[in-house]
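What follows is work-v7.txt (compact mmCIF, C-alpha atoms and all ligand atoms).
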```
# COMPACT_ATOMS: atom_id res chain seq x y z
CA MET T 8 16.06 18.87 0.74
CA ILE T 9 15.82 16.38 3.55
CA VAL T 10 12.59 16.33 5.44
CA LEU T 11 12.96 14.28 8.58
CA VAL T 12 9.45 13.13 9.30
CA ARG T 13 8.23 12.12 12.72
CA VAL T 14 5.69 9.34 12.33
CA LEU T 15 2.98 8.68 14.89
CA LEU T 16 2.29 4.95 14.75
CA VAL T 17 -1.06 4.05 16.31
CA GLU T 18 -1.21 0.26 16.53
CA ASP T 19 -2.11 -2.01 19.43
CA ASP T 20 -0.72 -5.17 17.85
CA GLN T 21 2.84 -5.42 19.13
CA PRO T 22 4.38 -7.67 16.43
CA ILE T 23 2.97 -5.48 13.67
CA ALA T 24 4.08 -2.31 15.43
CA ASP T 25 7.57 -3.72 16.06
CA SER T 26 8.17 -4.71 12.48
CA LEU T 27 6.78 -1.45 11.13
CA ARG T 28 8.82 0.60 13.55
CA ARG T 29 12.04 -1.22 12.67
CA GLY T 30 11.42 -0.68 8.97
CA LEU T 31 10.59 3.00 9.34
CA VAL T 32 13.61 3.69 11.52
CA ARG T 33 15.77 1.97 8.96
CA TYR T 34 14.52 4.44 6.40
CA GLY T 35 15.41 7.33 8.67
CA TYR T 36 11.98 8.15 10.03
CA GLU T 37 11.52 8.99 13.68
CA VAL T 38 8.73 6.86 15.12
CA VAL T 39 6.50 7.55 18.10
CA TRP T 40 4.47 4.44 18.88
CA VAL T 41 1.22 4.51 20.83
CA ARG T 42 -1.34 1.74 21.34
CA THR T 43 -4.59 3.57 21.94
CA GLY T 44 -6.78 6.22 20.39
CA ALA T 45 -6.53 8.37 23.50
CA GLU T 46 -2.73 8.35 23.33
CA ALA T 47 -2.88 9.15 19.62
CA LEU T 48 -5.04 12.19 20.27
CA ALA T 49 -2.71 13.31 23.07
CA ALA T 50 0.45 12.98 20.97
CA GLU T 51 1.91 16.11 19.46
CA GLY T 52 4.25 17.06 16.69
CA ALA T 53 3.61 14.24 14.24
CA GLY T 54 4.33 14.87 10.57
CA MET T 55 2.52 11.71 9.50
CA VAL T 56 0.10 9.33 11.18
CA LEU T 57 -0.17 5.58 10.56
CA LEU T 58 -3.47 4.64 12.13
CA ASP T 59 -4.81 1.17 12.85
CA LEU T 60 -8.62 1.14 12.89
CA GLY T 61 -9.08 -1.62 15.45
CA LEU T 62 -7.93 0.04 18.67
CA PRO T 63 -8.70 -1.14 22.22
CA ASP T 64 -10.34 2.06 23.47
CA MET T 65 -11.86 3.84 20.49
CA ASP T 66 -12.96 3.32 16.93
CA GLY T 67 -10.01 4.26 14.74
CA LEU T 68 -12.38 6.06 12.40
CA ASP T 69 -13.25 8.48 15.20
CA VAL T 70 -9.57 9.03 15.88
CA CYS T 71 -9.08 9.77 12.19
CA ARG T 72 -11.97 12.23 12.10
CA GLU T 73 -10.73 14.01 15.20
CA LEU T 74 -7.16 14.29 13.89
CA ARG T 75 -8.46 15.61 10.59
CA ALA T 76 -10.68 18.15 12.33
CA ARG T 77 -7.60 19.50 14.10
CA GLY T 78 -5.36 19.92 11.12
CA ASP T 79 -3.96 18.59 7.91
CA VAL T 80 -1.42 16.02 9.14
CA PRO T 81 -1.21 13.22 6.56
CA ILE T 82 -3.01 10.08 7.77
CA ILE T 83 -2.59 6.60 6.37
CA VAL T 84 -5.07 4.11 7.74
CA ILE T 85 -3.93 0.57 8.48
CA SER T 86 -6.90 -1.66 8.06
CA ALA T 87 -7.38 -5.30 8.89
CA ARG T 88 -10.31 -6.11 6.64
CA ALA T 89 -11.56 -5.17 3.22
CA ASP T 90 -14.88 -3.97 4.60
CA GLU T 91 -13.02 -1.51 6.81
CA VAL T 92 -11.41 -0.11 3.69
CA ASP T 93 -14.87 0.33 2.23
CA ARG T 94 -15.87 2.27 5.30
CA VAL T 95 -12.79 4.47 5.08
CA VAL T 96 -13.45 5.28 1.46
CA GLY T 97 -17.20 5.53 1.83
CA LEU T 98 -17.24 7.76 4.87
CA GLU T 99 -14.61 10.14 3.57
CA ILE T 100 -13.18 10.47 7.01
CA GLY T 101 -10.18 12.40 5.83
CA ALA T 102 -7.53 9.71 5.55
CA ASP T 103 -5.01 10.32 2.78
CA ASP T 104 -4.52 6.67 1.95
CA TYR T 105 -4.83 3.22 3.45
CA VAL T 106 -2.98 -0.08 3.51
CA SER T 107 -4.59 -3.42 4.21
CA LYS T 108 -3.13 -6.06 6.50
CA PRO T 109 -1.02 -7.97 5.82
CA PHE T 110 1.34 -5.46 4.26
CA GLY T 111 5.05 -5.10 3.70
CA VAL T 112 7.10 -2.28 5.13
CA ARG T 113 8.13 -1.24 1.63
CA GLU T 114 4.51 -0.82 0.61
CA VAL T 115 3.89 1.42 3.60
CA ILE T 116 7.03 3.47 2.87
CA ALA T 117 6.00 3.87 -0.76
CA ARG T 118 2.55 5.11 0.23
CA MET T 119 3.98 7.46 2.83
CA ARG T 120 6.34 8.95 0.29
CA ALA T 121 3.54 9.39 -2.22
CA VAL T 122 1.32 11.10 0.36
CA LEU T 123 4.15 13.34 1.55
CA ARG T 124 4.92 14.35 -2.04
CA ARG T 125 1.30 15.35 -2.48
CA VAL T 126 1.01 17.38 0.70
CA GLN T 127 4.45 18.97 0.89
CA PRO T 128 5.24 21.47 -1.83
CA ALA T 129 8.75 20.82 -3.07
CA ALA T 130 11.16 22.51 -0.73
CA LYS T 131 13.34 25.03 -2.41
CA PRO T 132 16.96 24.76 -1.34
CA ALA T 133 19.18 27.81 -1.36
CA GLU T 134 20.63 28.34 -4.81
CA GLN T 135 24.12 28.72 -3.55
CA GLU T 136 25.39 27.19 -0.38
CA SER T 137 28.63 27.83 1.39
CA LEU T 138 30.21 25.48 3.90
CA SER T 139 33.47 25.23 5.79
CA GLY T 140 33.78 28.98 6.11
CA GLY T 141 33.36 29.48 2.37
CA ARG T 142 35.95 26.89 1.30
CA LEU T 143 33.26 24.61 -0.12
CA VAL T 144 30.60 26.29 -2.29
CA ILE T 145 27.73 24.39 -3.88
CA ASP T 146 25.83 26.18 -6.63
CA ARG T 147 22.61 24.19 -6.94
CA ARG T 148 21.27 26.13 -9.88
CA ALA T 149 24.35 25.44 -11.98
CA ARG T 150 25.18 22.09 -10.30
CA ARG T 151 28.76 23.22 -9.77
CA VAL T 152 30.97 22.80 -6.75
CA HIS T 153 34.02 24.85 -5.86
CA VAL T 154 36.66 24.13 -3.25
CA ASP T 155 38.96 27.01 -2.38
CA GLY T 156 37.84 28.74 -5.55
CA ALA T 157 38.62 25.84 -7.89
CA GLU T 158 35.82 23.90 -9.54
CA LEU T 159 35.61 20.20 -8.73
CA ALA T 160 35.07 17.78 -11.58
CA LEU T 161 32.20 15.71 -10.20
CA SER T 162 30.15 13.07 -11.98
CA PRO T 163 26.39 13.72 -11.91
CA LYS T 164 25.89 11.13 -9.15
CA GLU T 165 28.82 12.48 -7.14
CA TYR T 166 27.22 15.91 -7.36
CA ASP T 167 23.79 14.55 -6.32
CA LEU T 168 25.36 12.70 -3.41
CA LEU T 169 27.22 15.77 -2.16
CA ALA T 170 24.17 17.99 -2.62
CA PHE T 171 22.05 15.53 -0.62
CA LEU T 172 24.56 15.23 2.22
CA ALA T 173 24.98 19.02 2.26
CA ASP T 174 21.25 19.48 2.81
CA ALA T 175 21.82 18.47 6.41
CA PRO T 176 25.44 19.05 7.40
CA GLY T 177 26.35 17.07 10.50
CA ALA T 178 23.27 14.84 10.32
CA ALA T 179 23.72 11.08 10.10
CA LEU T 180 21.94 9.86 6.98
CA THR T 181 21.17 6.20 6.53
CA ARG T 182 22.37 4.24 3.53
CA GLU T 183 18.72 3.64 2.62
CA GLN T 184 17.91 7.35 2.71
CA ILE T 185 20.88 8.14 0.51
CA MET T 186 20.16 5.33 -1.95
CA GLU T 187 16.55 6.45 -2.27
CA ALA T 188 17.34 10.11 -2.71
CA VAL T 189 20.31 9.82 -5.05
CA TRP T 190 19.66 6.59 -6.92
CA ASP T 191 15.91 6.48 -6.40
CA ALA T 192 16.32 2.88 -5.33
CA HIS T 193 14.73 0.76 -2.67
CA TRP T 194 17.66 -1.33 -1.64
CA PHE T 195 18.11 -3.46 1.44
CA GLY T 196 21.22 -5.30 0.25
CA PRO T 197 24.85 -4.27 -0.01
CA THR T 198 25.28 -0.86 -1.56
CA LYS T 199 28.74 -0.96 -3.08
CA THR T 200 27.88 1.75 -5.60
CA LEU T 201 27.35 4.13 -2.71
CA ASP T 202 30.74 3.31 -1.19
CA VAL T 203 32.50 3.84 -4.50
CA HIS T 204 30.94 7.28 -4.87
CA ILE T 205 31.66 8.18 -1.25
CA GLY T 206 35.31 7.26 -1.83
CA ALA T 207 35.52 9.45 -4.93
CA LEU T 208 33.85 12.33 -3.14
CA ARG T 209 36.27 12.10 -0.23
CA ARG T 210 39.28 12.26 -2.53
CA LYS T 211 37.90 15.26 -4.39
CA LEU T 212 36.84 17.21 -1.32
CA GLY T 213 40.24 16.88 0.31
CA ASP T 214 40.17 18.58 3.70
CA ALA T 215 37.50 21.14 2.75
CA ALA T 216 34.84 18.84 4.19
CA THR T 217 34.75 15.28 5.48
CA VAL T 218 32.30 12.52 4.69
CA GLU T 219 32.32 10.55 7.92
CA THR T 220 31.23 6.95 8.19
CA VAL T 221 28.56 6.43 10.84
CA ARG T 222 29.01 2.79 11.75
CA GLY T 223 25.98 0.63 11.13
CA VAL T 224 23.99 3.60 9.85
CA GLY T 225 25.44 5.51 6.94
CA PHE T 226 27.29 8.78 6.50
CA ARG T 227 27.39 12.39 7.55
CA LEU T 228 29.01 15.43 5.97
CA VAL T 229 31.13 17.40 8.36
CA ALA T 230 32.37 20.81 7.31
CA GLY T 231 36.07 21.47 7.69
CA GLY T 232 37.56 24.50 9.43
CA CA O 1 -5.62 -3.44 16.14
```

Can the structure from this file be put into structure tokens for me?
Amino acid sequence: MIVLVRVLLVEDDQPIADSLRRGLVRYGYEVVWVRTGAEALAAEGAGMVLLDLGLPDMDGLDVCRELRARGDVPIIVISARADEVDRVVGLEIGADDYVSKPFGVREVIARMRAVLRRVQPAAKPAEQESLSGGRLVIDRRARRVHVDGAELALSPKEYDLLAFLADAPGAALTREQIMEAVWDAHWFGPTKTLDVHIGALRRKLGDAATVETVRGVGFRLVAGG
């Protein structure tokens, strides 16, 4: 099940915000960037908050407390100093986790994923899914796929790949998202394995559904007629 998370990034330092935003977008997250506590409190619809503590208008700890008082959105605090971390932990202000500057984008992503796993109960996909007007049927319980009534012989990874793409038909999924979900890999380099499996899947699906290449991004599954 694909959960497209909208991240509210509260950070007044432009270089840090830029690099974080690029990394998050690359992983398929939608990012809303604000620079102040007031803007953070006015923002709506975030599924995750990355919160710098040193903000120009307010103490980030107050922003954290206020956000927590309003609801249970996951909050990861970005802190510049070790003593800030002590305050976060000591005051139990409701943050779910924290990262200390300097940090790498991968570290932030890993913490976000861990927090999201904790707070989101595993989504339960439909057991049987039918696409392309019933020509393509995916039985998730049995891990079997039928096209026009005939079962496809798919390798386990081909099945996982198709099941992942079919979670969001029509949506463009990034190579990084797919690699993480299907191969459980953090991978910024070339992903030839993915292309090989996409090629095999295309041959086996025939015209029942199309795996389109989204240039510079990744792939999308488009149901056939
Ligand atoms: Ca700051």

All residues within 6 Å of ligand CA 1 (chain O) are required, counting only C-alpha atoms and all ligand atoms; please report them as a list in words.
Glu18, Asp19, Asp20, Asp59, Gly61 and Leu62 of chain T

Name the residues in contact with Gly140 of chain T at a cut-off of 10 Å, using only C-alpha atoms, excluding same-chain residues fewer than 4 positions from it; report them as a PyMOL selection string.
chain T and resi 144+215+230-232

Just write the chosen residues, C-alpha atoms, as a compact mmCIF listing (two decimals), in the coordinates of the input.
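This is the output file out_20.txt:
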```txt
# COMPACT_ATOMS: atom_id res chain seq x y z
CA VAL T 144 30.60 26.29 -2.29
CA ALA T 215 37.50 21.14 2.75
CA ALA T 230 32.37 20.81 7.31
CA GLY T 231 36.07 21.47 7.69
CA GLY T 232 37.56 24.50 9.43
```

So how many Å separate atom CA of Ser107 of chain T and atom CA of Glu91 of chain T, to one decimal?
9.0 Å

Distance of atom CA of Arg148 of chain T from atom CA of Glu134 of chain T, expressed in Å to one decimal place
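Separation between atom CA of Glu134 of chain T and atom CA of Arg148 of chain T: 5.6 Å.
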
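Distance annotation: of T:Val221, T:Leu58, T:Leu168, T:Leu123, the residue with the minimal separation from Ser86 of chain T is T:Leu58; atom set is only C-alpha atoms.
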
Quick one: residues within 10 Å of Ala178 of chain T, all atoms listed in the file, excluding same-chain residues fewer than 5 positions away - as a ChimeraX atom specification?
/T:172-173,221,226-229

Residues within 8 Å of His204 of chain T, please, as an MDAnalysis selection string. Count only C-alpha atoms; anything in the same chain fewer than 2 positions from it doesn't count.
chainID T and resid 164:165 168 200:202 206:208

Could the residues in this selection be saved with C-alpha atoms as an mmCIF file, in the coordinates of the input?
```cif
data_model
loop_
_atom_site.group_PDB
_atom_site.id
_atom_site.type_symbol
_atom_site.label_atom_id
_atom_site.label_comp_id
_atom_site.auth_asym_id
_atom_site.auth_seq_id
_atom_site.Cartn_x
_atom_site.Cartn_y
_atom_site.Cartn_z
ATOM 1 C CA LYS T 164 25.890 11.130 -9.150
ATOM 2 C CA GLU T 165 28.820 12.480 -7.140
ATOM 3 C CA LEU T 168 25.360 12.700 -3.410
ATOM 4 C CA THR T 200 27.880 1.750 -5.600
ATOM 5 C CA LEU T 201 27.350 4.130 -2.710
ATOM 6 C CA ASP T 202 30.740 3.310 -1.190
ATOM 7 C CA GLY T 206 35.310 7.260 -1.830
ATOM 8 C CA ALA T 207 35.520 9.450 -4.930
ATOM 9 C CA LEU T 208 33.850 12.330 -3.140
#
```

Between atom CA of Phe110 of chain T and atom CA of Ala76 of chain T - distance in Å to one decimal
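Separation between atom CA of Ala76 of chain T and atom CA of Phe110 of chain T: 27.7 Å.
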
So, counting all atoms listed in the file, which residue among T:Leu161, T:Leu180, T:Ile205, T:Ala102 is closest to Val80 of chain T?
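Selected residue with least distance to Val80 of chain T: T:Ala102.
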
Ranking T:Pro81, T:Gly30, T:Gly44, T:Gly35 by minimum distance to Ala121 of chain T and counting all atoms listed in the file, which one comes first?
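For Ala121 of chain T, the nearest of the candidates is T:Pro81.
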
Ala49 of chain T: which residues within 12 Å, counting only C-alpha atoms, same-chain residues fewer than 5 positions away excluded, as a PyMOL selection string?
chain T and resi 15+17+39+41-44+70+73-74+77

Nearest to Gly111 of chain T among T:Val203, T:Leu27, T:Ala188, T:Val224, with distances taken over all atoms listed in the file: which residue is it?
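That would be T:Leu27, the residue with the smallest distance to Gly111 of chain T.
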
Measuring atom to atom with all atoms listed in the file, identify which of T:Pro22, T:Gly101, T:Pro163, T:Pro109 is nearest to Arg72 of chain T.
T:Gly101

Quick one: residues within 8 Å of Ile83 of chain T, only C-alpha atoms, excluding same-chain residues fewer than 4 positions away - as a PyMOL selection string?
chain T and resi 55-58+102-106+119

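Proximity ranking of T:Asp167, T:Ala47, T:Arg113, T:Val32 relative to Trp190 of chain T places T:Asp167 first, based on only C-alpha atoms.
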
Sphere at (18.9, 4.0, 5.1), radius 8 Å, counting all atoms listed in the file: residues as a VMD selection string
chain T and resid 33 to 35 180 to 186 224 to 225

Take segment 104-128 of chain T, bring it up to N, CA, C and O atoms, and give me the output as a PDB file, keeping the file's coordinate frame.
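So the final result, stored in rebuild-v7.pdb, reads:
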```pdb
ATOM      1  N   ASP T 104      -4.705   7.930   2.652  1.00  0.00           N
ATOM      2  CA  ASP T 104      -4.520   6.670   1.950  1.00  0.00           C
ATOM      3  C   ASP T 104      -4.730   5.552   2.968  1.00  0.00           C
ATOM      4  O   ASP T 104      -4.929   5.812   4.157  1.00  0.00           O
ATOM      5  N   TYR T 105      -4.707   4.324   2.513  1.00  0.00           N
ATOM      6  CA  TYR T 105      -4.830   3.220   3.450  1.00  0.00           C
ATOM      7  C   TYR T 105      -4.009   2.045   2.949  1.00  0.00           C
ATOM      8  O   TYR T 105      -3.713   1.943   1.754  1.00  0.00           O
ATOM      9  N   VAL T 106      -3.592   1.196   3.875  1.00  0.00           N
ATOM     10  CA  VAL T 106      -2.980  -0.080   3.510  1.00  0.00           C
ATOM     11  C   VAL T 106      -3.758  -1.165   4.248  1.00  0.00           C
ATOM     12  O   VAL T 106      -4.262  -0.956   5.344  1.00  0.00           O
ATOM     13  N   SER T 107      -3.866  -2.317   3.595  1.00  0.00           N
ATOM     14  CA  SER T 107      -4.590  -3.420   4.210  1.00  0.00           C
ATOM     15  C   SER T 107      -3.602  -4.436   4.770  1.00  0.00           C
ATOM     16  O   SER T 107      -2.575  -4.712   4.162  1.00  0.00           O
ATOM     17  N   LYS T 108      -3.934  -4.976   5.926  1.00  0.00           N
ATOM     18  CA  LYS T 108      -3.130  -6.060   6.500  1.00  0.00           C
ATOM     19  C   LYS T 108      -3.414  -7.336   5.731  1.00  0.00           C
ATOM     20  O   LYS T 108      -4.566  -7.566   5.384  1.00  0.00           O
ATOM     21  N   PRO T 109      -2.432  -8.187   5.487  1.00  0.00           N
ATOM     22  CA  PRO T 109      -1.020  -7.970   5.820  1.00  0.00           C
ATOM     23  C   PRO T 109      -0.345  -7.086   4.771  1.00  0.00           C
ATOM     24  O   PRO T 109      -0.735  -7.119   3.610  1.00  0.00           O
ATOM     25  N   PHE T 110       0.649  -6.339   5.200  1.00  0.00           N
ATOM     26  CA  PHE T 110       1.340  -5.460   4.260  1.00  0.00           C
ATOM     27  C   PHE T 110       2.830  -5.562   4.503  1.00  0.00           C
ATOM     28  O   PHE T 110       3.278  -6.025   5.550  1.00  0.00           O
ATOM     29  N   GLY T 111       3.598  -5.142   3.535  1.00  0.00           N
ATOM     30  CA  GLY T 111       5.050  -5.100   3.700  1.00  0.00           C
ATOM     31  C   GLY T 111       5.467  -3.687   4.045  1.00  0.00           C
ATOM     32  O   GLY T 111       4.780  -2.727   3.720  1.00  0.00           O
ATOM     33  N   VAL T 112       6.601  -3.595   4.747  1.00  0.00           N
ATOM     34  CA  VAL T 112       7.100  -2.280   5.130  1.00  0.00           C
ATOM     35  C   VAL T 112       7.342  -1.407   3.896  1.00  0.00           C
ATOM     36  O   VAL T 112       7.046  -0.219   3.886  1.00  0.00           O
ATOM     37  N   ARG T 113       7.841  -2.029   2.825  1.00  0.00           N
ATOM     38  CA  ARG T 113       8.130  -1.240   1.630  1.00  0.00           C
ATOM     39  C   ARG T 113       6.880  -0.617   1.045  1.00  0.00           C
ATOM     40  O   ARG T 113       6.914   0.482   0.514  1.00  0.00           O
ATOM     41  N   GLU T 114       5.773  -1.362   1.127  1.00  0.00           N
ATOM     42  CA  GLU T 114       4.510  -0.820   0.610  1.00  0.00           C
ATOM     43  C   GLU T 114       4.106   0.404   1.425  1.00  0.00           C
ATOM     44  O   GLU T 114       3.666   1.420   0.877  1.00  0.00           O
ATOM     45  N   VAL T 115       4.258   0.299   2.740  1.00  0.00           N
ATOM     46  CA  VAL T 115       3.890   1.420   3.600  1.00  0.00           C
ATOM     47  C   VAL T 115       4.782   2.630   3.303  1.00  0.00           C
ATOM     48  O   VAL T 115       4.308   3.760   3.170  1.00  0.00           O
ATOM     49  N   ILE T 116       6.088   2.372   3.166  1.00  0.00           N
ATOM     50  CA  ILE T 116       7.030   3.470   2.870  1.00  0.00           C
ATOM     51  C   ILE T 116       6.644   4.137   1.552  1.00  0.00           C
ATOM     52  O   ILE T 116       6.631   5.367   1.442  1.00  0.00           O
ATOM     53  N   ALA T 117       6.342   3.320   0.553  1.00  0.00           N
ATOM     54  CA  ALA T 117       6.000   3.870  -0.760  1.00  0.00           C
ATOM     55  C   ALA T 117       4.751   4.755  -0.669  1.00  0.00           C
ATOM     56  O   ALA T 117       4.692   5.840  -1.253  1.00  0.00           O
ATOM     57  N   ARG T 118       3.768   4.299   0.094  1.00  0.00           N
ATOM     58  CA  ARG T 118       2.550   5.110   0.230  1.00  0.00           C
ATOM     59  C   ARG T 118       2.811   6.381   1.021  1.00  0.00           C
ATOM     60  O   ARG T 118       2.284   7.444   0.710  1.00  0.00           O
ATOM     61  N   MET T 119       3.637   6.267   2.053  1.00  0.00           N
ATOM     62  CA  MET T 119       3.980   7.460   2.830  1.00  0.00           C
ATOM     63  C   MET T 119       4.679   8.494   1.951  1.00  0.00           C
ATOM     64  O   MET T 119       4.365   9.687   2.013  1.00  0.00           O
ATOM     65  N   ARG T 120       5.605   8.012   1.148  1.00  0.00           N
ATOM     66  CA  ARG T 120       6.340   8.950   0.290  1.00  0.00           C
ATOM     67  C   ARG T 120       5.408   9.610  -0.704  1.00  0.00           C
ATOM     68  O   ARG T 120       5.513  10.807  -0.978  1.00  0.00           O
ATOM     69  N   ALA T 121       4.482   8.824  -1.247  1.00  0.00           N
ATOM     70  CA  ALA T 121       3.540   9.390  -2.220  1.00  0.00           C
ATOM     71  C   ALA T 121       2.657  10.441  -1.548  1.00  0.00           C
ATOM     72  O   ALA T 121       2.426  11.523  -2.106  1.00  0.00           O
ATOM     73  N   VAL T 122       2.180  10.141  -0.348  1.00  0.00           N
ATOM     74  CA  VAL T 122       1.320  11.100   0.360  1.00  0.00           C
ATOM     75  C   VAL T 122       2.109  12.359   0.704  1.00  0.00           C
ATOM     76  O   VAL T 122       1.627  13.477   0.526  1.00  0.00           O
ATOM     77  N   LEU T 123       3.349  12.176   1.179  1.00  0.00           N
ATOM     78  CA  LEU T 123       4.150  13.340   1.550  1.00  0.00           C
ATOM     79  C   LEU T 123       4.455  14.209   0.328  1.00  0.00           C
ATOM     80  O   LEU T 123       4.475  15.429   0.420  1.00  0.00           O
ATOM     81  N   ARG T 124       4.673  13.564  -0.818  1.00  0.00           N
ATOM     82  CA  ARG T 124       4.920  14.350  -2.040  1.00  0.00           C
ATOM     83  C   ARG T 124       3.701  15.191  -2.389  1.00  0.00           C
ATOM     84  O   ARG T 124       3.820  16.306  -2.853  1.00  0.00           O
ATOM     85  N   ARG T 125       2.517  14.610  -2.142  1.00  0.00           N
ATOM     86  CA  ARG T 125       1.300  15.350  -2.480  1.00  0.00           C
ATOM     87  C   ARG T 125       1.079  16.537  -1.555  1.00  0.00           C
ATOM     88  O   ARG T 125       0.646  17.589  -1.984  1.00  0.00           O
ATOM     89  N   VAL T 126       1.369  16.331  -0.267  1.00  0.00           N
ATOM     90  CA  VAL T 126       1.010  17.380   0.700  1.00  0.00           C
ATOM     91  C   VAL T 126       2.110  18.400   0.925  1.00  0.00           C
ATOM     92  O   VAL T 126       1.837  19.508   1.360  1.00  0.00           O
ATOM     93  N   GLN T 127       3.368  18.018   0.653  1.00  0.00           N
ATOM     94  CA  GLN T 127       4.450  18.970   0.890  1.00  0.00           C
ATOM     95  C   GLN T 127       4.884  19.575  -0.437  1.00  0.00           C
ATOM     96  O   GLN T 127       5.402  18.875  -1.288  1.00  0.00           O
ATOM     97  N   PRO T 128       4.697  20.858  -0.626  1.00  0.00           N
ATOM     98  CA  PRO T 128       5.240  21.470  -1.830  1.00  0.00           C
ATOM     99  C   PRO T 128       6.748  21.286  -1.825  1.00  0.00           C
ATOM    100  O   PRO T 128       7.362  21.305  -0.762  1.00  0.00           O
TER     101      PRO T 128
END
```
